[in-house]
file start-v8.csv (CSV, C-alpha atoms)
chain,number,residue,atom,x,y,z
A,1,MET,CA,-7.7,32.6,38.0
A,2,GLY,CA,-11.5,32.8,38.1
A,3,GLY,CA,-13.9,31.8,35.4
A,4,GLU,CA,-15.4,28.5,34.5
A,5,VAL,CA,-14.0,28.6,31.0
A,6,GLU,CA,-10.8,30.1,29.7
A,7,LEU,CA,-10.7,31.1,26.0
A,8,LEU,CA,-7.1,31.1,24.9
A,9,TYR,CA,-6.4,32.9,21.6
A,10,ASP,CA,-3.9,35.0,19.8
A,11,VAL,CA,-5.5,36.7,16.8
A,12,PRO,CA,-9.3,37.0,17.5
A,13,ARG,CA,-11.3,36.1,14.4
A,14,LEU,CA,-15.0,36.3,13.9
A,15,GLU,CA,-15.2,32.7,15.3
A,16,GLU,CA,-13.6,33.7,18.6
A,17,LYS,CA,-15.9,36.7,19.0
A,18,LEU,CA,-19.0,34.5,18.3
A,19,ILE,CA,-17.8,31.9,20.8
A,20,MET,CA,-17.2,34.6,23.4
A,21,ARG,CA,-20.7,36.0,22.9
A,22,ALA,CA,-22.3,32.6,23.0
A,23,LEU,CA,-20.5,31.6,26.2
A,24,LYS,CA,-21.4,34.8,27.9
A,25,SER,CA,-25.1,34.7,26.9
A,26,SER,CA,-25.4,31.1,28.2
A,27,GLY,CA,-24.2,32.5,31.6
A,28,ILE,CA,-20.8,31.0,31.6
A,29,GLU,CA,-18.1,32.9,33.5
A,30,LEU,CA,-15.4,33.5,30.9
A,31,LYS,CA,-11.8,34.4,31.2
A,32,LEU,CA,-10.0,35.6,28.0
A,33,THR,CA,-6.3,35.0,27.6
A,34,ASN,CA,-4.4,36.3,24.7
A,35,VAL,CA,-1.4,34.0,24.7
A,36,LYS,CA,0.8,36.5,22.8
A,37,TYR,CA,0.5,39.0,25.6
A,38,SER,CA,0.1,36.9,28.8
A,39,PRO,CA,2.8,34.4,29.8
A,40,LEU,CA,1.5,30.9,30.7
A,41,SER,CA,2.9,28.9,33.5
A,42,TRP,CA,2.6,25.5,35.1
A,43,SER,CA,1.7,27.3,38.3
A,44,ASP,CA,-1.4,29.0,36.9
A,45,GLN,CA,-4.7,28.0,38.4
A,46,ALA,CA,-6.7,26.8,35.4
A,47,ALA,CA,-10.4,27.2,34.8
A,48,PRO,CA,-12.1,23.8,34.5
A,49,VAL,CA,-12.4,24.1,30.7
A,50,ALA,CA,-9.9,25.7,28.3
A,51,LEU,CA,-11.1,26.4,24.9
A,52,ILE,CA,-8.0,26.4,22.6
A,53,ARG,CA,-8.4,28.9,19.8
A,54,PRO,CA,-4.9,30.3,18.7
A,55,ILE,CA,-4.5,30.7,15.0
A,56,SER,CA,-1.0,29.5,15.3
A,57,MET,CA,-0.8,25.7,15.6
A,58,VAL,CA,2.3,25.8,17.8
A,59,ARG,CA,0.7,28.2,20.2
A,60,ALA,CA,-2.5,26.1,20.2
A,61,ILE,CA,-0.7,22.8,21.1
A,62,TYR,CA,1.5,24.4,23.8
A,63,SER,CA,-1.4,26.4,25.3
A,64,ALA,CA,-3.5,23.2,25.5
A,65,SER,CA,-0.6,21.3,27.0
A,66,LEU,CA,0.0,23.8,29.8
A,67,ARG,CA,-3.7,23.9,30.7
A,68,GLU,CA,-4.0,20.1,30.7
A,69,ALA,CA,-0.9,19.9,33.0
A,70,VAL,CA,-2.8,21.9,35.7
A,71,GLY,CA,-6.0,19.9,35.4
A,72,ALA,CA,-8.1,21.7,32.8
A,73,LYS,CA,-10.0,19.9,30.2
A,74,ALA,CA,-8.7,21.4,26.9
A,75,ILE,CA,-11.1,21.5,23.9
A,76,ASN,CA,-9.4,20.4,21.8
A,77,SER,CA,-6.6,18.5,23.6
A,78,SER,CA,-3.0,19.2,22.8
A,79,ILE,CA,-2.4,15.8,21.3
A,80,SER,CA,-5.5,16.1,19.0
A,81,ILE,CA,-4.4,19.5,17.7
A,82,MET,CA,-1.0,18.2,17.0
A,83,PHE,CA,-2.3,15.2,15.1
A,84,ALA,CA,-4.8,17.3,13.2
A,85,GLY,CA,-2.2,20.0,12.5
A,86,ASP,CA,0.3,17.7,10.8
A,87,LYS,CA,-1.2,16.1,7.8
A,88,ILE,CA,1.3,13.2,7.9
A,89,LEU,CA,0.4,12.3,11.4
A,90,THR,CA,-3.2,12.6,10.5
A,91,LEU,CA,-2.9,10.1,7.6
A,92,SER,CA,-0.9,7.7,9.7
A,93,ARG,CA,-3.8,7.6,12.2
A,94,PHE,CA,-6.3,7.3,9.3
A,95,LYS,CA,-4.4,4.3,8.0
A,96,GLN,CA,-4.4,2.6,11.4
A,97,ALA,CA,-8.1,3.2,11.8
A,98,GLY,CA,-9.0,2.1,8.3
A,99,ILE,CA,-10.3,5.5,7.2
A,100,PRO,CA,-10.0,5.9,3.4
A,101,PHE,CA,-7.9,8.9,2.2
A,102,PRO,CA,-6.4,9.9,-1.2
A,103,GLU,CA,-3.4,7.8,-2.3
A,104,SER,CA,-0.4,9.7,-0.9
A,105,MET,CA,3.4,9.4,-0.6
A,106,ILE,CA,5.8,11.3,1.6
A,107,ALA,CA,9.1,12.6,0.2
A,108,PHE,CA,11.8,14.3,2.3
A,109,GLY,CA,14.0,15.4,-0.5
A,110,SER,CA,14.1,16.1,-4.3
A,111,GLU,CA,15.0,12.6,-5.4
A,112,ALA,CA,12.2,11.0,-3.3
A,113,ALA,CA,9.7,13.6,-4.5
A,114,GLU,CA,10.5,13.0,-8.1
A,115,LYS,CA,10.1,9.3,-7.7
A,116,ALA,CA,6.9,9.8,-5.8
A,117,GLY,CA,5.5,12.1,-8.5
A,118,LYS,CA,6.2,9.4,-11.1
A,119,MET,CA,4.6,6.7,-9.0
A,120,ILE,CA,1.4,8.7,-8.1
A,121,GLY,CA,1.1,10.1,-11.7
A,122,TYR,CA,0.0,13.5,-12.9
A,123,PRO,CA,-1.9,15.6,-12.2
A,124,ALA,CA,-1.0,15.3,-8.5
A,125,ILE,CA,-1.2,17.4,-5.4
A,126,ASP,CA,1.9,18.6,-3.6
A,127,LYS,CA,1.5,20.0,-0.1
A,128,PRO,CA,3.6,20.4,3.0
A,129,PRO,CA,2.5,18.6,6.2
A,130,ILE,CA,1.8,21.8,8.1
A,131,GLY,CA,-0.2,24.7,6.9
A,132,SER,CA,-3.7,25.8,6.3
A,133,TRP,CA,-6.0,27.8,4.0
A,134,GLY,CA,-4.5,26.1,1.0
A,135,ARG,CA,-1.1,27.7,1.5
A,136,LEU,CA,1.6,26.1,-0.7
A,137,VAL,CA,-0.9,23.4,-1.8
A,138,THR,CA,-0.1,23.0,-5.5
A,139,LEU,CA,-1.8,21.2,-8.3
A,140,VAL,CA,1.1,19.6,-10.2
A,141,LYS,CA,0.3,19.0,-13.8
A,142,ASP,CA,3.5,17.5,-15.0
A,143,HIS,CA,6.9,16.3,-13.8
A,144,GLN,CA,8.7,19.6,-14.8
A,145,THR,CA,6.4,21.5,-12.5
A,146,LEU,CA,7.1,19.2,-9.7
A,147,GLN,CA,10.8,19.7,-10.1
A,148,SER,CA,10.4,23.4,-9.9
A,149,ILE,CA,8.3,23.2,-6.8
A,150,VAL,CA,10.8,21.0,-5.1
A,151,GLU,CA,13.6,23.4,-6.1
A,152,HIS,CA,11.7,26.4,-4.6
A,153,ARG,CA,10.9,24.6,-1.4
A,154,GLU,CA,14.5,23.6,-0.9
A,155,LEU,CA,15.4,27.3,-0.7
A,156,LEU,CA,13.0,27.9,2.2
A,157,LEU,CA,14.4,27.6,5.8
A,158,SER,CA,11.7,25.4,7.3
A,159,GLN,CA,12.2,21.6,7.3
A,160,SER,CA,8.5,21.2,7.3
A,161,VAL,CA,8.0,22.8,3.9
A,162,LYS,CA,10.9,20.7,2.5
A,163,THR,CA,8.7,17.7,3.3
A,164,HIS,CA,6.3,16.8,0.5
A,165,ILE,CA,3.0,15.0,0.6
A,166,ILE,CA,2.4,13.9,-2.9
A,167,GLN,CA,-1.1,12.9,-3.4
A,168,ARG,CA,-3.3,11.6,-6.2
A,169,TYR,CA,-5.5,14.4,-7.6
A,170,ILE,CA,-9.2,13.5,-7.1
A,171,ASP,CA,-11.3,14.3,-10.1
A,172,GLY,CA,-13.7,17.0,-8.9
A,173,GLY,CA,-11.0,18.1,-6.5
A,174,ASP,CA,-12.1,21.7,-7.0
A,175,HIS,CA,-14.9,21.1,-4.4
A,176,ASP,CA,-14.9,19.3,-1.2
A,177,TYR,CA,-17.1,18.6,1.8
A,178,ARG,CA,-16.8,19.7,5.3
A,179,VAL,CA,-18.5,18.2,8.3
A,180,LEU,CA,-18.3,19.8,11.8
A,181,VAL,CA,-18.2,17.3,14.6
A,182,LEU,CA,-18.9,18.3,18.2
A,183,GLY,CA,-18.7,15.8,21.0
A,184,GLY,CA,-18.9,12.8,18.7
A,185,GLU,CA,-22.0,14.1,16.8
A,186,PRO,CA,-22.0,15.7,13.3
A,187,LEU,CA,-23.5,19.2,13.3
A,188,GLY,CA,-24.1,19.4,9.5
A,189,ALA,CA,-22.3,19.3,6.2
A,190,ILE,CA,-21.4,21.8,3.5
A,191,MET,CA,-19.8,21.6,0.1
A,192,ARG,CA,-17.1,24.1,-0.7
A,193,SER,CA,-16.3,25.0,-4.4
A,194,ALA,CA,-13.3,26.9,-5.6
A,195,ALA,CA,-13.6,30.5,-6.4
A,196,LYS,CA,-13.2,31.5,-10.1
A,197,GLY,CA,-9.6,31.4,-11.1
A,198,ASP,CA,-8.5,29.1,-8.2
A,199,TRP,CA,-8.8,25.3,-7.9
A,200,ARG,CA,-8.7,25.2,-4.1
A,201,SER,CA,-12.0,25.3,-2.3
A,202,ASN,CA,-10.8,26.8,1.0
A,203,VAL,CA,-13.2,29.5,2.3
A,204,ALA,CA,-10.2,31.6,3.2
A,205,ARG,CA,-9.4,31.6,-0.5
A,206,GLY,CA,-12.9,32.8,-1.5
A,207,GLY,CA,-14.4,29.4,-1.9
A,208,ARG,CA,-18.2,29.3,-2.2
A,209,VAL,CA,-20.2,27.3,0.3
A,210,GLY,CA,-23.6,25.5,0.2
A,211,ALA,CA,-25.3,23.2,2.7
A,212,VAL,CA,-25.5,19.5,1.7
A,213,LYS,CA,-27.5,16.6,3.2
A,214,LEU,CA,-25.5,14.8,5.8
A,215,ASP,CA,-25.8,11.2,4.6
A,216,GLU,CA,-24.9,8.2,6.6
A,217,GLU,CA,-21.5,7.6,4.9
A,218,LEU,CA,-20.5,11.2,5.4
A,219,SER,CA,-21.6,11.3,9.0
A,220,GLU,CA,-19.9,8.0,9.9
A,221,LEU,CA,-16.6,8.8,8.3
A,222,ALA,CA,-16.5,12.3,9.8
A,223,VAL,CA,-17.3,11.1,13.3
A,224,LYS,CA,-14.7,8.3,13.0
A,225,ALA,CA,-12.1,10.7,11.8
A,226,ALA,CA,-12.6,13.1,14.7
A,227,GLU,CA,-12.6,10.1,17.1
A,228,VAL,CA,-9.3,8.7,15.8
A,229,ILE,CA,-7.6,12.1,16.0
A,230,GLY,CA,-9.1,12.5,19.5
A,231,GLY,CA,-10.8,15.9,19.1
A,232,GLU,CA,-14.1,17.0,20.5
A,233,PHE,CA,-14.7,20.0,18.2
A,234,MET,CA,-13.3,19.3,14.7
A,235,ALA,CA,-13.9,20.1,11.1
A,236,ILE,CA,-13.4,17.1,8.8
A,237,ASP,CA,-12.7,17.8,5.1
A,238,LEU,CA,-13.6,15.1,2.5
A,239,PHE,CA,-13.6,14.5,-1.2
A,240,HIS,CA,-15.8,12.2,-3.2
A,241,ASP,CA,-14.1,10.2,-5.9
A,242,GLY,CA,-17.3,9.3,-7.7
A,243,GLU,CA,-17.6,6.0,-5.7
A,244,LYS,CA,-16.9,6.9,-2.1
A,245,TYR,CA,-15.8,9.6,0.3
A,246,LEU,CA,-12.1,10.0,1.1
A,247,VAL,CA,-11.1,12.0,4.1
A,248,ASN,CA,-8.6,14.7,3.2
A,249,GLU,CA,-7.8,16.4,6.4
A,250,VAL,CA,-8.9,17.4,9.9
A,251,ASN,CA,-8.9,20.8,11.5
A,252,GLY,CA,-8.2,21.1,15.2
A,253,VAL,CA,-9.1,24.8,15.7
A,254,PRO,CA,-11.9,24.9,13.1
A,255,GLU,CA,-13.1,28.1,11.4
A,256,PHE,CA,-16.8,28.0,10.8
A,257,LYS,CA,-18.1,31.2,9.3
A,258,GLY,CA,-18.6,29.6,5.9
A,259,PHE,CA,-20.3,26.6,7.6
A,260,MET,CA,-22.7,28.9,9.6
A,261,GLU,CA,-23.5,31.0,6.5
A,262,ALA,CA,-24.4,27.9,4.5
A,263,THR,CA,-26.2,25.8,7.1
A,264,LYS,CA,-27.7,28.6,9.3
A,265,ILE,CA,-26.5,26.4,12.3
A,266,ASP,CA,-25.3,28.6,15.1
A,267,VAL,CA,-22.1,26.7,15.8
A,268,ALA,CA,-20.9,29.0,18.6
A,269,GLU,CA,-24.2,28.5,20.4
A,270,ARG,CA,-23.9,24.7,20.0
A,271,LEU,CA,-20.4,24.8,21.3
A,272,ALA,CA,-21.5,26.9,24.3
A,273,LYS,CA,-24.2,24.3,25.1
A,274,TYR,CA,-21.7,21.5,24.8
A,275,VAL,CA,-19.2,23.3,27.1
A,276,LYS,CA,-22.1,23.7,29.7
A,277,LEU,CA,-22.6,19.9,29.6
A,278,VAL,CA,-18.9,19.3,30.0
A,279,LEU,CA,-18.9,21.6,33.1
A,280,LYS,CA,-21.7,19.6,34.7
A,281,ARG,CA,-19.9,16.3,34.3
B,1,MET,CA,-15.4,54.3,18.9
B,2,PRO,CA,-11.8,55.2,19.9
B,3,THR,CA,-9.6,56.8,17.1
B,4,LEU,CA,-6.0,55.6,17.0
B,5,THR,CA,-3.1,56.6,14.9
B,6,CYS,CA,-1.7,54.3,12.1
B,7,PRO,CA,1.9,53.6,12.9
B,8,VAL,CA,2.7,53.3,9.2
B,9,CYS,CA,1.2,56.4,7.7
B,10,GLY,CA,0.3,58.5,10.7
B,11,GLY,CA,-3.4,58.7,9.6
B,12,GLU,CA,-6.3,58.1,11.8
B,13,ILE,CA,-8.2,54.8,12.2
B,14,GLU,CA,-11.4,54.1,14.1
B,15,ILE,CA,-11.5,51.0,16.3
B,16,PRO,CA,-14.8,49.4,17.3
B,17,ASP,CA,-15.7,49.5,21.0
B,18,ASP,CA,-15.7,45.7,21.3
B,19,ALA,CA,-12.2,45.3,19.8
B,20,LEU,CA,-9.9,42.8,21.5
B,21,PRO,CA,-6.2,42.8,22.1
B,22,GLY,CA,-4.5,41.1,19.2
B,23,GLU,CA,-7.3,41.9,16.7
B,24,LEU,CA,-6.3,42.8,13.2
B,25,PHE,CA,-7.3,45.9,11.3
B,26,GLU,CA,-6.5,47.0,7.8
B,27,HIS,CA,-6.0,50.8,7.5
B,28,GLU,CA,-7.9,51.5,4.3
B,29,GLU,CA,-6.0,54.7,3.6
B,30,CYS,CA,-2.6,53.1,3.4
B,31,GLY,CA,-3.3,49.4,3.3
B,32,ALA,CA,-1.3,48.6,6.4
B,33,GLN,CA,-2.2,45.5,8.4
B,34,LEU,CA,-2.4,46.5,12.0
B,35,GLU,CA,-2.7,44.8,15.4
B,36,LEU,CA,-4.4,46.3,18.4
B,37,GLU,CA,-2.3,46.2,21.6
B,38,VAL,CA,-3.8,47.0,25.0
B,39,ASP,CA,-1.5,47.6,28.0
B,40,GLU,CA,-2.3,46.9,31.7
B,41,ASN,CA,-3.9,50.3,32.1
B,42,GLY,CA,-6.2,49.7,29.2
B,43,ASN,CA,-4.4,52.1,26.9
B,44,MET,CA,-4.8,51.1,23.2
B,45,ARG,CA,-2.3,51.5,20.4
B,46,LEU,CA,-1.8,50.0,17.0
B,47,LYS,CA,1.3,48.3,15.8
B,48,GLU,CA,2.2,46.5,12.5
B,49,ALA,CA,0.7,43.1,12.5
B,50,GLU,CA,2.9,40.0,12.5
B,51,GLU,CA,3.3,38.2,9.3
B,52,ILE,CA,1.3,35.1,8.6
B,53,SER,CA,3.4,32.2,9.7
B,54,GLU,CA,3.6,28.7,8.2
B,55,ASP,CA,1.6,27.2,11.2
B,56,TRP,CA,-1.3,29.7,11.0
B,57,GLY,CA,-4.7,28.4,10.1
B,58,GLU,CA,-7.3,26.2,11.5
call {"tool": "encode", "arguments": {"input": "start-v8.csv", "output": "C-alpha cells"}}
result
Amino acid sequence: MGGEVELLYDVPRLEEKLIMRALKSSGIELKLTNVKYSPLSWSDQAAPVALIRPISMVRAIYSASLREAVGAKAINSSISIMFAGDKILTLSRFKQAGIPFPESMIAFGSEAAEKAGKMIGYPAIDKPPIGSWGRLVTLVKDHQTLQSIVEHRELLLSQSVKTHIIQRYIDGGDHDYRVLVLGGEPLGAIMRSAAKGDWRSNVARGGRVGAVKLDEELSELAVKAAEVIGGEFMAIDLFHDGEKYLVNEVNGVPEFKGFMEATKIDVAERLAKYVKLVLKR
Amino acid sequence: MPTLTCPVCGGEIEIPDDALPGELFEHEECGAQLELEVDENGNMRLKEAEEISEDWGE
C-alpha cells in the first residue's frame, strides 16, 4: 500500500485539505483514499496510521473498522466514532462515567415522546440520535409543536429519526462551548453563538465563534468526555447552565475551521505532530 | 486551472489545480451542486453531487 499514514475520506472539506498539507509538510508519507471510489478489503496492506475523515458516519465507522482489522491504528477508532456519532450511546457512556449532561429522555414512538415532553417540560429540545450540523434539532416551545414534530418524523423512512431525544432546554442554549481534545490534552476552547434568526450555534449554520479561556472545569470535563468515548481527536460541545458545564455531545470526525479562525491554533499542524509521535511509538 | 462542463446546464466551470476526487463545487451560473470524479487515467469530470444524508456531519 505504501505510506506511513492513510487519510480516508469521502467529501474533502477544508479540514481534510489542511490535514493533508500539514502531514506532507511534516515529511509524512501520505496515501489518500477516497472511500467512495476505492473498495476497501480485509486483504489490504494498511499504513501504520489511518486518519478517518469521511463526512458520512457510517463510512467513517466501517473504514476505521477495516483498517483496524489489518493492524492499523485508526484515529479515531471505529468504536469511538460509533459512540460519538450516536447521541444516545454517548449519553449512556456519560452516565456511566459521571459526566453531567442536560436532563434527557428517549422516546421510540409518539406516545412515549408526548409523555417525555410533559415530564421534561417546555421549552424542550427534540433531536434524533444521529445527525450533525443541527439537522432536525428542534426547539419545542409547547406540546402541540411536539405532536407535530412526532407526526412529521413518523412519515420518514429511517428508524433513527423516529427515535426522539427529548432534552431540557438550557437557558442560554443559543450559545455553546467547544473544546478540541487531541491525545488526551485540550487544545483550546471557543464559544459559538447562533446566527441571527437561528437559535442553533453550529458553525455549519452560520454560528459566530470567539476564543474563550480554557478554565479547569472546561478542560477536565472535555478531556474526560473524550476519554470515555475513546477518541484521540475529538470535539466536545458543552453548555453552561449558570452553575456548571454540561456536556452536550461529542464529535468523532471533528470539523475545526471555526475553531482555527477563533483561536488561531493551527489544528492540522498539531494533529500532524501528534501523528508523528504515534508513528514513533 | 482545468475547465470542465456542468452536467446540469452545460456551462463551463473552472476547477482549481489542487482539487481532489469527491470535492464539491457549486456552479454559480445554474446553482448546481457538483462533485469531481477522476478516473484511473486522471481524466476529470463533474457529476451531480450526492444528497446530504442523515449520517453526514462531524
call {"tool": "atom_distance", "arguments": {"input": "start-v8.csv", "atom1": "CA of Gly252 in chain A", "atom2": "CA of Leu51 in chain A"}}
result
11.4 Å
call {"tool": "atom_distance", "arguments": {"input": "start-v8.csv", "atom1": "CA of Ala195 in chain A", "atom2": "CA of Arg208 in chain A"}}
result
6.3 Å
call {"tool": "closest_atom_pairs", "arguments": {"input": "start-v8.csv", "of": "chain A", "to": "chain B", "cutoff": "8 Å", "atoms": "all atoms listed in the file", "output": "Markdown table"}}
result
| residue | atom | partner | partner_atom | distance |
| --- | --- | --- | --- | --- |
| A:Asp10 | CA | B:Gly22 | CA | 6.2 |
| A:Val11 | CA | B:Gly22 | CA | 5.1 |
| A:Pro12 | CA | B:Glu23 | CA | 5.4 |
| A:Arg13 | CA | B:Glu23 | CA | 7.4 |
| A:Asn34 | CA | B:Pro21 | CA | 7.2 |
| A:Lys36 | CA | B:Gly22 | CA | 7.9 |
| A:Ile55 | CA | B:Trp56 | CA | 5.2 |
| A:Ser56 | CA | B:Trp56 | CA | 4.3 |
| A:Met57 | CA | B:Asp55 | CA | 5.2 |
| A:Val58 | CA | B:Asp55 | CA | 6.8 |
| A:Ile130 | CA | B:Asp55 | CA | 6.2 |
| A:Gly131 | CA | B:Asp55 | CA | 5.3 |
| A:Ser132 | CA | B:Gly57 | CA | 4.7 |
| A:Trp133 | CA | B:Gly57 | CA | 6.3 |
| A:Asn251 | CA | B:Glu58 | CA | 5.6 |
| A:Gly252 | CA | B:Glu58 | CA | 6.4 |
| A:Val253 | CA | B:Glu58 | CA | 4.8 |
| A:Pro254 | CA | B:Glu58 | CA | 5.0 |
| A:Glu255 | CA | B:Glu58 | CA | 6.1 |
call {"tool": "atom_distance", "arguments": {"input": "start-v8.csv", "atom1": "CA of Pro54 in chain A", "atom2": "CA of Val35 in chain A"}}
result
7.9 Å
call {"tool": "residues_around", "arguments": {"input": "start-v8.csv", "residues": "range 26-28 of chain B", "least_positions_apart": "2", "cutoff": "9 Å", "atoms": "all atoms listed in the file", "output": "number ranges by chain"}}
result
B: 6, 11-13, 24, 30-35
call {"tool": "residues_around", "arguments": {"input": "start-v8.csv", "residues": "Gln147 in chain A", "least_positions_apart": "3", "cutoff": "9 Å", "atoms": "only C-alpha atoms", "output": "list in words"}}
result
Ser110, Ala113, Glu114, His143, Gln144, Val150, Glu151 and His152 of chain A
call {"tool": "residues_around", "arguments": {"input": "start-v8.csv", "residues": "Ala22 in chain A", "least_positions_apart": "5", "cutoff": "6 Å", "atoms": "all atoms listed in the file", "output": "ChimeraX atom specification"}}
result
/A:268-269,272
call {"tool": "decode", "arguments": {"input": "start-v8.csv", "residues": "range 21-42 of chain B", "atoms": "N, CA and C atoms", "output": "CSV table (one decimal), in the first residue's frame"}}
result
chain,number,residue,atom,x,y,z
B,21,PRO,N,-10.5,14.2,-5.9
B,21,PRO,CA,-11.7,13.4,-6.2
B,21,PRO,C,-12.7,13.5,-5.1
B,22,GLY,N,-14.0,13.7,-5.4
B,22,GLY,CA,-15.0,13.8,-4.4
B,22,GLY,C,-15.3,15.2,-3.9
B,23,GLU,N,-14.5,16.1,-4.3
B,23,GLU,CA,-14.7,17.5,-3.9
B,23,GLU,C,-15.9,18.1,-4.5
B,24,LEU,N,-16.6,19.0,-3.7
B,24,LEU,CA,-17.9,19.5,-4.2
B,24,LEU,C,-17.6,21.0,-4.7
B,25,PHE,N,-18.4,21.3,-5.7
B,25,PHE,CA,-18.3,22.6,-6.3
B,25,PHE,C,-19.7,23.1,-6.6
B,26,GLU,N,-20.0,24.4,-6.4
B,26,GLU,CA,-21.3,24.9,-6.8
B,26,GLU,C,-21.1,25.6,-8.1
B,27,HIS,N,-21.9,25.3,-9.1
B,27,HIS,CA,-21.8,26.0,-10.4
B,27,HIS,C,-22.6,27.3,-10.2
B,28,GLU,N,-21.9,28.4,-10.1
B,28,GLU,CA,-22.5,29.7,-9.8
B,28,GLU,C,-23.6,30.1,-10.9
B,29,GLU,N,-23.4,29.7,-12.1
B,29,GLU,CA,-24.3,30.1,-13.2
B,29,GLU,C,-25.7,29.5,-13.0
B,30,CYS,N,-25.7,28.2,-12.6
B,30,CYS,CA,-27.0,27.5,-12.5
B,30,CYS,C,-27.3,27.0,-11.1
B,31,GLY,N,-26.4,27.1,-10.2
B,31,GLY,CA,-26.6,26.7,-8.8
B,31,GLY,C,-26.5,25.3,-8.5
B,32,ALA,N,-26.1,24.5,-9.5
B,32,ALA,CA,-26.0,23.0,-9.3
B,32,ALA,C,-24.8,22.7,-8.3
B,33,GLN,N,-25.1,21.7,-7.5
B,33,GLN,CA,-24.0,21.2,-6.6
B,33,GLN,C,-23.4,20.0,-7.3
B,34,LEU,N,-22.1,20.1,-7.6
B,34,LEU,CA,-21.4,19.1,-8.4
B,34,LEU,C,-20.2,18.5,-7.7
B,35,GLU,N,-19.9,17.3,-8.1
B,35,GLU,CA,-18.8,16.5,-7.4
B,35,GLU,C,-17.8,16.1,-8.5
B,36,LEU,N,-16.6,16.3,-8.2
B,36,LEU,CA,-15.5,16.0,-9.1
B,36,LEU,C,-15.2,14.5,-9.1
B,37,GLU,N,-15.2,13.9,-10.3
B,37,GLU,CA,-14.8,12.5,-10.4
B,37,GLU,C,-13.6,12.4,-11.2
B,38,VAL,N,-12.6,11.5,-10.8
B,38,VAL,CA,-11.4,11.4,-11.5
B,38,VAL,C,-11.2,9.9,-11.8
B,39,ASP,N,-11.0,9.5,-13.1
B,39,ASP,CA,-10.9,8.1,-13.3
B,39,ASP,C,-9.4,7.6,-13.2
B,40,GLU,N,-9.2,6.4,-13.5
B,40,GLU,CA,-7.8,5.8,-13.3
B,40,GLU,C,-6.8,6.5,-14.1
B,41,ASN,N,-7.2,7.1,-15.3
B,41,ASN,CA,-6.2,7.7,-16.1
B,41,ASN,C,-6.1,9.2,-15.8
B,42,GLY,N,-6.7,9.6,-14.7
B,42,GLY,CA,-6.6,11.0,-14.3
B,42,GLY,C,-7.6,12.0,-15.0
